[in-house]
Every structure is written in C-alpha cells, then in structure tokens.
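**Q** Encoded as structure tokens, here's the structure I'll be asking about.
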Amino acid sequence: MPQLAADNVKWARVDEIWAEYERTHNLTGTARQAVGIDPETGEVFLGESAADIVARLKQEGRFRPLYYRWSDDPYYTHKGGRR
C-alpha cells in the first residue's frame with residue numbers, strides 16, 4: 001500500500017503543476033497537443049504527441065518517465081518507456 005500512497009501524491013503534484021502552468025501561460029493554439037509533466041522537477045513539455053516529447057528528450061539526453069495528458073483533456077497517462 002505505500003506505493004499507492006506515493007502514486008497518489010505524484011498525481012496530486014502533477015495536477016498542481018498543470019493548474020499553475022495553465023494560469024501562467026497562454027495556451028491559445030495548443031488544443032490537442034501532448035503535455036508531458038515531471039512531478040519531481042515541475043517541468044512541462046509540449047509536443048505533437050507523447051512520442052514526440054520522448055524523442056526530443058532522448059535527443060537532448062534528458063529522458064525520464066513523465067505523466068502525459070492532452071492539453072485540452074483532463075485525463076493522464078503515465079509512460080515510463082524503455083531505456
């Protein structure tokens with residue numbers, strides 16, 4: 001059960017990060033863009049798809065698992081990927 005509690009804390013943190021990002025950034029024209037959120041650093045990444053975000057981060061040597069959502073959709077997906 002401790003893992004479940006840790007996951008719930010991460011989901012809550014992801015929600016906080018996205019809410020703050022929405023308040024502080026102009027999201028006009030970002031409908032249906034993928035959003036990758038890192039709950040540990042608070043970084044937010046936008047791209048055409050989750051695969052696009054992963055490819056960019058791998059190219060930059062900064063890949064790590066993120067929580068993904070669409071910019072106009074309240075549901076999340078957690079993708080760890082392969083290293």
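FYI, nothing fancy with the structure tokens labels: chains A, B, ... in order, residues from 1 per chain, ligands from 1 as they appear.
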Taking the backbone alone, and naming residues the way the document does, which bits of chain A are strand (DSSP E or B) by DSSP, as a PyMOL selection string?

**A** chain A and resi 34-37+44-47+66-70+76-79

**Q** Find the residues around Arg56 of chain A up to 12 Å (only C-alpha atoms counted), leave out those fewer than 6 positions away in its own chain, and share them as a PDB file with N, CA and C atoms, in the first residue's frame.

**A**
```pdb
ATOM      1  N   GLY A  36       3.753  16.627 -21.423  1.00  0.00           N
ATOM      2  CA  GLY A  36       4.495  15.743 -20.531  1.00  0.00           C
ATOM      3  C   GLY A  36       4.845  16.519 -19.273  1.00  0.00           C
ATOM      4  N   PHE A  45       6.428  19.821 -20.715  1.00  0.00           N
ATOM      5  CA  PHE A  45       6.884  19.735 -22.092  1.00  0.00           C
ATOM      6  C   PHE A  45       5.672  19.605 -23.006  1.00  0.00           C
ATOM      7  N   LEU A  46       5.636  20.369 -24.086  1.00  0.00           N
ATOM      8  CA  LEU A  46       4.558  20.299 -25.067  1.00  0.00           C
ATOM      9  C   LEU A  46       5.091  19.719 -26.364  1.00  0.00           C
ATOM     10  N   GLY A  47       4.247  18.933 -27.060  1.00  0.00           N
ATOM     11  CA  GLY A  47       4.631  18.366 -28.341  1.00  0.00           C
ATOM     12  C   GLY A  47       3.423  17.855 -29.084  1.00  0.00           C
ATOM     13  N   GLU A  48       3.653  17.376 -30.293  1.00  0.00           N
ATOM     14  CA  GLU A  48       2.560  16.847 -31.110  1.00  0.00           C
ATOM     15  C   GLU A  48       2.005  15.550 -30.519  1.00  0.00           C
ATOM     16  N   SER A  49       2.879  14.785 -29.858  1.00  0.00           N
ATOM     17  CA  SER A  49       2.470  13.516 -29.244  1.00  0.00           C
ATOM     18  C   SER A  49       3.432  13.205 -28.103  1.00  0.00           C
ATOM     19  N   ALA A  50       3.072  12.196 -27.306  1.00  0.00           N
ATOM     20  CA  ALA A  50       3.975  11.763 -26.237  1.00  0.00           C
ATOM     21  C   ALA A  50       5.272  11.242 -26.857  1.00  0.00           C
ATOM     22  N   ARG A  62      17.950  13.984 -21.910  1.00  0.00           N
ATOM     23  CA  ARG A  62      17.231  14.312 -20.677  1.00  0.00           C
ATOM     24  C   ARG A  62      15.998  13.436 -20.464  1.00  0.00           C
ATOM     25  N   PHE A  63      15.946  12.273 -21.088  1.00  0.00           N
ATOM     26  CA  PHE A  63      14.753  11.426 -20.980  1.00  0.00           C
ATOM     27  C   PHE A  63      14.556  10.913 -19.560  1.00  0.00           C
ATOM     28  N   ARG A  64      13.315  10.901 -19.119  1.00  0.00           N
ATOM     29  CA  ARG A  64      12.874  10.260 -17.884  1.00  0.00           C
ATOM     30  C   ARG A  64      11.369  10.057 -17.987  1.00  0.00           C
TER      31      ARG A  64
END
```

**Q** Which residues of segment 33-75 of chain A come within 12 Å of segment 7-28 of chain A, and what is each one's closest atom pair and distance in Å (one decimal), counting only C-alpha atoms, sorted by chain and residue number, as CSV?

**A**
```
residue,atom,partner,partner_atom,distance
A:Gln33,CA,A:Leu27,CA,10.0
A:Val35,CA,A:Trp18,CA,9.1
A:Gly36,CA,A:Trp18,CA,9.8
A:Ile37,CA,A:Val14,CA,6.6
A:Asp38,CA,A:Val14,CA,7.3
A:Pro39,CA,A:Val14,CA,5.3
A:Glu40,CA,A:Lys10,CA,8.2
A:Thr41,CA,A:Ile17,CA,9.7
A:Gly42,CA,A:Ile17,CA,6.1
A:Glu43,CA,A:Ile17,CA,8.1
A:Val44,CA,A:Trp18,CA,7.8
A:Phe45,CA,A:Tyr21,CA,10.7
A:Leu46,CA,A:Leu27,CA,10.5
A:Leu66,CA,A:Val14,CA,9.6
A:Tyr67,CA,A:Val14,CA,7.5
A:Tyr68,CA,A:Val14,CA,9.6
A:Arg69,CA,A:Trp18,CA,9.8
A:Trp70,CA,A:Trp18,CA,11.1
A:Ser71,CA,A:Leu27,CA,8.3
A:Asp72,CA,A:Leu27,CA,9.6
A:Asp73,CA,A:Trp18,CA,11.5
A:Pro74,CA,A:Asp15,CA,9.4
A:Tyr75,CA,A:Asp15,CA,10.3
```
